[in-house]
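Written out below as structure tokens is the structure these notes cover.
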Amino acid sequence: MLHHVSGVSPFSSLQCLIFFTICLHIAFNTDFDIHVKLYKDTTRSLSSECLGSDRPVISLGLSDFALDIRMPGVTPKQSDTYLCMSVPLPVDDEAYVVDFKPHASMDTVHHMLLFGCNEPSSTENYWDCDEGTCKDKSNILYAWARNAPPTRLPKGVGFRVGGETGGRFFVLQVHYGDISAFRDKHKDCSGVTLHLTHQKQPLIAGMYLMMSVNTVIPPGEKVVDADIACHYKRFPMHLFAYRVHTHRLGKVVSGYRVRNGQWTLIGRQSPQLPQAFYPVEHPVDVNYDDILAARCVFSGEGRTTETRIGGTANDEMCNFYIMYYMEAKHAVSYMTCTQNANPEMFRNIPQEANIPIPVKSDMLKVTHGHHEETKGTDKSSLLQQAKKEEEEILDQGDFYSLLSKLLGEREDVVHVHKHNPTEKAESDFVAEIANVVQKKDLARQITNHDERDNTILVRDRIHKFHRLESTLRPPENRHFSLRQPKHGEGSWEKGHTGDFHIEEAVEWPGVDLKLGQVSGLALDPENNLVIFHRGDHVWDENSFDSKFVYQQRGLGPIEQNTILVLNPSNAKLLHSMGRSLFYLPHGLSIDKNGNYWVTDVALHQVFKLGAHDKEPLLILGVALQPGSDRNHFCQPTDVAVDPITGSIYISDGYCNSRVIQFTPKGLYVMQWGEETSLGRARPGQFHIPHSLALIPDFSQLCVADRENGRIQCFKLETGEFIREIKHKSFGRELFAVSYVPGGFLFAVNGMPYPGEAEPVQGFVMNFSTGEIIDTFIPLRKNFEMPHDVVASEDKTVFVGDVHARAVWKFASIESMFFLFLISQLHISYLQITDGEHKLDSSSGRILGKLRGKGGGGLNLGNFFASHKGYSRKGFDRLSTEGSDQEKDEDDGTDSEEECSAPPPPSAPSSS
């Protein structure tokens, strides 16, 4: 409890909890590398003063360093001045830029661009960019405008600099728009800090700039389109971020990949919002002969003369930036498109590209640097204005807008968390909250108002949040990242192996579904969960004879729907199918078009099914006939479909030890693999190839070699062995493997054999290194035979268990932290309105279930101790005030536990 000190205003309750959250966050990260701390302290001190010619290069460890690039104290003399300066790469060998951190404000800077080249246009300390940026070819590495947040690259991706092929200089270009901010003649040192690493990155980042150069906007014209389109003629690239840019007349900018007449959205945004690089929602691949197309929509209303493309604030621009990555051996660092190769195609552009994205008028004022004076304004009108803003937020029904108002900050500050929640580090978010707390007393936002009015205002805000929280909670894939990634993964902090952690999402009701043996899981293109189960059929010792012929045909096919499509958030059944088609379902995968690929071990067949088709689209294998030739399978286990080529890969299976490739139409191409010989299993040998994970980023196929307890990865094109991933903690069996773009592998193992200690659990691995990042087990029920695993790009993981007949959902620990923060807002509401320190039932459920308990209190020591690598010291006795009791000991689980004997060591278990 904070007591009032004479002469010092007490914190508001909401402010206290935010401050406390920051303290806890600091406690999380006390083991940061000392070099990183030195780097952060240095950049903080340098942010408020201009740098001289001695610009810091800060070591971040053995292979990483930071380079600060700042304007050397300039004062532009006129508006729309472009100034450039250069910094040499401080090392001779090859390095990779893996992160950018801007230091600028739109109060003084319109936009910044960072180029890479070998020879700057000038050797001066800085120069007018009219002289050019680089004498040789320049590559855009980074762009910033309008208070955009930091840009982070995916893991394993970097911009290559130095060495034989990379640029040796960085050139910073700063556009100073309105110089009224320099009336006090101060010196500007805007710029960007780079995080570089010597660790070779498997994927090389680049920038593709689409730009209109000849658009004319007539005065008063309501709608003017600027279209750009080019054929792509290079090796495949993968798009992961985009940025739009216009000046004041731009309404919306949209970018697409066009393939065979089909338009796939890359990104769409209002250029009047902070011009960040936003993540491509569903990463897009671009192949040879695809078309990249973009449209900018302008309005000439309010102008009395023509507006053309140009470099001043009164001109216009139409730019669509794309960040991509390519395999290192094919990488091109910079490409442009400035034409419209096919104007006719834009007749078919999706209608969304023509619809402006509305931006509130006060946002426009902030965006363009207009600040309203509130000094001397009538107090009551300020209070009314605040309430009016609150009602606008309620009308929007937008969680992040509401959160921004609760924190008393501009909406655009929180905007990045709405559109880029998983990429923005939680440390930055907490820093922004800390900045709000430092600048503002949340209980005194209306200047000079009496204490009662302030209390009412804060209470009303929290009340509205309390009332709407259940309907405004963000979707499952929106959460703030607490994990500090490793060097080279786009972070400023030194990561640790245990910093990424997932736990069971105990609010998810899917674990209690009434299912048969769960054999397969997959996520469809809409990220819905699809379950493949066996209904009332069971695979046991009576199912097959010694020649693998199915012995229970008399039971007939399964009469229940064996394929269930569920909402991943609430487990609501959306669709079901598969009645009377299968005898013993096994593997399930879904291709990029939403088709289901399933295997049946009794039928010895593989099926391709449309999501809503009653009859299979393709059948491979001969029904009920096991075999080992090109036309027969023997208990096939899984299927993977290459999203680029459409090639089909089948693991076959329990009685064959091979992987077979087919064309998209089902024609045999090749196969590889053989039975495991006596002694240690050699590369390319299998003992039940049980599960497949296709890694298109690296053109690899990884196989869960079940009874050999390992993962083997092969080249897609040739079947050539690449590497093995094997850990002691796998035990003797590894059942399933799943890959998430960005470099994560997820896997589940089997129950230990008698006398062995390795537990049945799930694993999270770094794909590049094979290192285990995290392990996980359920809080409700127990794993018995986890048979399949699937993970989404936001690291939500589902595990299906063939014996427990259950499906668990797991989420990263940052989701749990988000629920904790929301719950604390509930507490603040109760403290303000009732003056009592106890939780309502809904808050109690949320808080209790963070650790799988149903009690009303939250033991913060227990909660944060679940974050691996965190020390509980100093928090053991901490709890939310007002809970009736606190249990420090583990009380176990209150749900039923089903136990099953481990499989005998003499023979592999059937599933």
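Chain lettering (A, B, ...) mirrors the order of the structure tokens, residue numbering begins at 1 for each chain separately, and ligand numbering begins at 1 in order of display.
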
Contacts of A:Leu203 within 7 Å, only C-alpha atoms, excl. fewer than 4 positions in-chain, as an mmCIF file with N, CA, C and O atoms, in the first residue's frame:
data_model
loop_
_atom_site.group_PDB
_atom_site.id
_atom_site.type_symbol
_atom_site.label_atom_id
_atom_site.label_comp_id
_atom_site.auth_asym_id
_atom_site.auth_seq_id
_atom_site.Cartn_x
_atom_site.Cartn_y
_atom_site.Cartn_z
ATOM 1 N N GLY A 156 16.607 -15.370 -38.226
ATOM 2 C CA GLY A 156 17.407 -15.944 -39.290
ATOM 3 C C GLY A 156 17.497 -15.096 -40.538
ATOM 4 O O GLY A 156 18.022 -15.545 -41.552
ATOM 5 N N VAL A 157 16.974 -13.868 -40.492
ATOM 6 C CA VAL A 157 16.967 -12.976 -41.646
ATOM 7 C C VAL A 157 17.796 -11.738 -41.336
ATOM 8 O O VAL A 157 17.695 -11.166 -40.247
ATOM 9 N N GLY A 158 18.628 -11.312 -42.296
ATOM 10 C CA GLY A 158 19.407 -10.100 -42.106
ATOM 11 C C GLY A 158 19.748 -9.444 -43.432
ATOM 12 O O GLY A 158 19.752 -10.090 -44.479
ATOM 13 N N TYR A 325 12.682 -11.794 -47.958
ATOM 14 C CA TYR A 325 13.935 -12.520 -47.782
ATOM 15 C C TYR A 325 14.032 -13.603 -48.847
ATOM 16 O O TYR A 325 13.027 -14.090 -49.374
ATOM 17 N N MET A 326 15.280 -13.935 -49.191
ATOM 18 C CA MET A 326 15.575 -14.958 -50.186
ATOM 19 C C MET A 326 16.682 -15.847 -49.641
ATOM 20 O O MET A 326 17.414 -15.473 -48.726
ATOM 21 N N GLU A 327 16.811 -17.041 -50.226
ATOM 22 C CA GLU A 327 17.944 -17.883 -49.872
ATOM 23 C C GLU A 327 19.227 -17.146 -50.221
ATOM 24 O O GLU A 327 19.330 -16.452 -51.237
ATOM 25 N N ALA A 328 20.231 -17.316 -49.372
ATOM 26 C CA ALA A 328 21.452 -16.527 -49.492
ATOM 27 C C ALA A 328 22.093 -16.645 -50.876
ATOM 28 O O ALA A 328 22.559 -15.653 -51.443
#

Env of A:Phe65: 7 Å cut, atoms = only C-alpha atoms, seq-sep filter 6 positions within chain, self excluded. Answer as a PDB file with N, CA and C atoms, in the first residue's frame.
ATOM      1  N   VAL A  57      30.410   2.746 -31.540  1.00  0.00           N
ATOM      2  CA  VAL A  57      30.228   1.359 -31.946  1.00  0.00           C
ATOM      3  C   VAL A  57      30.291   0.561 -30.657  1.00  0.00           C
ATOM      4  N   ILE A  58      29.176  -0.047 -30.278  1.00  0.00           N
ATOM      5  CA  ILE A  58      29.072  -0.706 -28.987  1.00  0.00           C
ATOM      6  C   ILE A  58      29.058  -2.214 -29.169  1.00  0.00           C
ATOM      7  N   SER A  59      29.961  -2.904 -28.475  1.00  0.00           N
ATOM      8  CA  SER A  59      29.996  -4.357 -28.538  1.00  0.00           C
ATOM      9  C   SER A  59      28.783  -4.929 -27.817  1.00  0.00           C
ATOM     10  N   HIS A 195      21.595  -2.867 -35.242  1.00  0.00           N
ATOM     11  CA  HIS A 195      22.122  -4.048 -34.553  1.00  0.00           C
ATOM     12  C   HIS A 195      22.679  -4.960 -35.635  1.00  0.00           C
ATOM     13  N   LEU A 196      23.983  -5.236 -35.569  1.00  0.00           N
ATOM     14  CA  LEU A 196      24.651  -6.074 -36.561  1.00  0.00           C
ATOM     15  C   LEU A 196      25.234  -7.305 -35.897  1.00  0.00           C
ATOM     16  N   THR A 197      25.363  -8.357 -36.689  1.00  0.00           N
ATOM     17  CA  THR A 197      25.946  -9.600 -36.195  1.00  0.00           C
ATOM     18  C   THR A 197      26.857 -10.187 -37.261  1.00  0.00           C
TER      19      THR A 197
END

Counting only C-alpha atoms, figure out which residue out of A:Pro636, A:Pro752, A:Pro759, A:Gly177 gets nearest to A:Gly311.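 Comparing A:Pro636, A:Pro752, A:Pro759, A:Gly177 against A:Gly311, the winner is A:Gly177.
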
Can you tell me which residues surround A:Ser729 at a distance of at most 9 Å, considering only C-alpha atoms, apart from same-chain residues fewer than 2 positions away, and format the answer as a ChimeraX atom specification? /A:726-727,731-732,749,758-759

Take the residues just selected and output them with C-alpha atoms as a JSON list (two decimals), in the first residue's frame.
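Wrote it out as part.json, contents follow:
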[["chain", "number", "residue", "atom", "x", "y", "z"],
["A", 726, "LYS", "CA", 18.15, -36.14, -31.79],
["A", 727, "HIS", "CA", 18.15, -35.41, -28.07],
["A", 731, "GLY", "CA", 13.52, -40.88, -25.26],
["A", 732, "ARG", "CA", 13.11, -43.83, -27.63],
["A", 749, "ASN", "CA", 7.54, -37.91, -27.88],
["A", 758, "GLU", "CA", 12.49, -39.43, -19.92],
["A", 759, "PRO", "CA", 8.94, -38.02, -19.56]]

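The set of residues in stretch 229-373 of chain A assigned to alpha helix (DSSP H) by DSSP, using only backbone atoms of this structure, is A:Ser361, A:Asp362, A:Met363, A:Leu364, A:Lys365, A:Val366, A:Thr367.
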
Using only C-alpha atoms, determine which residues lie at most 10 Å from A:Glu164, disregarding the query and same-chain residues fewer than 6 positions distant; provide the list as number ranges by chain. A: 92-94

Produce a file of the selected residues containing N, CA and C atoms, as a compact mmCIF listing (two decimals), in the first residue's frame.
# COMPACT_ATOMS: atom_id res chain seq x y z
N ASP A 92 35.67 -5.05 -41.62
CA ASP A 92 35.99 -5.36 -43.02
C ASP A 92 35.24 -6.59 -43.52
N ASP A 93 35.00 -7.53 -42.62
CA ASP A 93 34.37 -8.77 -43.06
C ASP A 93 32.86 -8.62 -43.15
N GLU A 94 32.21 -9.67 -43.63
CA GLU A 94 30.77 -9.64 -43.86
C GLU A 94 30.01 -9.57 -42.54

Could you give me, as a list in words, the residues within 7 Å of A:Ser580, counting only C-alpha atoms and dropping anything in the same chain fewer than 4 positions from it? Pro557, Ile558 and Glu559 of chain A

Let's see if you can do this: from backbone DSSP, list all strand (DSSP E) residues in stretch 465-668 of chain A, as JSON, numbers by chain. {"A": [502, 503, 504, 518, 519, 520, 521, 522, 523, 529, 530, 531, 532, 533, 563, 564, 565, 566, 573, 574, 575, 576, 577, 585, 586, 587, 588, 589, 590, 596, 597, 598, 599, 600, 605, 606, 607, 608, 609, 618, 619, 620, 636, 637, 638, 639, 640, 641, 648, 649, 650, 651, 652, 658, 659, 660, 661, 662, 668]}

So which residues touch A:Phe277 within 6 Å, counting only C-alpha atoms, skipping near sequence neighbours fewer than 5 positions away, as a list in words? Ala241, Tyr242 and Arg243 of chain A

Expected file contents, prior selection, N, CA, C and O atoms, as a PDB file, in the first residue's frame:
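Generated output (part_11.pdb):
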ATOM      1  N   ALA A 241       6.995  -8.059 -44.708  1.00  0.00           N
ATOM      2  CA  ALA A 241       6.591  -6.766 -44.158  1.00  0.00           C
ATOM      3  C   ALA A 241       6.362  -5.783 -45.301  1.00  0.00           C
ATOM      4  O   ALA A 241       6.900  -5.949 -46.405  1.00  0.00           O
ATOM      5  N   TYR A 242       5.554  -4.768 -45.037  1.00  0.00           N
ATOM      6  CA  TYR A 242       5.273  -3.765 -46.056  1.00  0.00           C
ATOM      7  C   TYR A 242       5.117  -2.399 -45.402  1.00  0.00           C
ATOM      8  O   TYR A 242       4.856  -2.290 -44.202  1.00  0.00           O
ATOM      9  N   ARG A 243       5.289  -1.367 -46.205  1.00  0.00           N
ATOM     10  CA  ARG A 243       5.110   0.001 -45.726  1.00  0.00           C
ATOM     11  C   ARG A 243       4.515   0.824 -46.852  1.00  0.00           C
ATOM     12  O   ARG A 243       4.905   0.673 -48.024  1.00  0.00           O
TER      13      ARG A 243
END

Please provide the set of residues having any atom within 8 Å of A:Asp642, restricted to only C-alpha atoms, with same-chain residues fewer than 6 positions apart removed, written as a list in words. Asp591, Ile648, Leu694 and Pro696 of chain A

Calculate how many Å separate atom CA of A:Ile217 from atom CA of A:Leu114, rounding to one decimal.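 Between atom CA of A:Ile217 and atom CA of A:Leu114 the gap works out to 28.9 Å.
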
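The closest residue to A:Leu89, picked from A:Ile69, A:Cys134, A:Val174, A:Leu153 and counting only C-alpha atoms, is A:Ile69.
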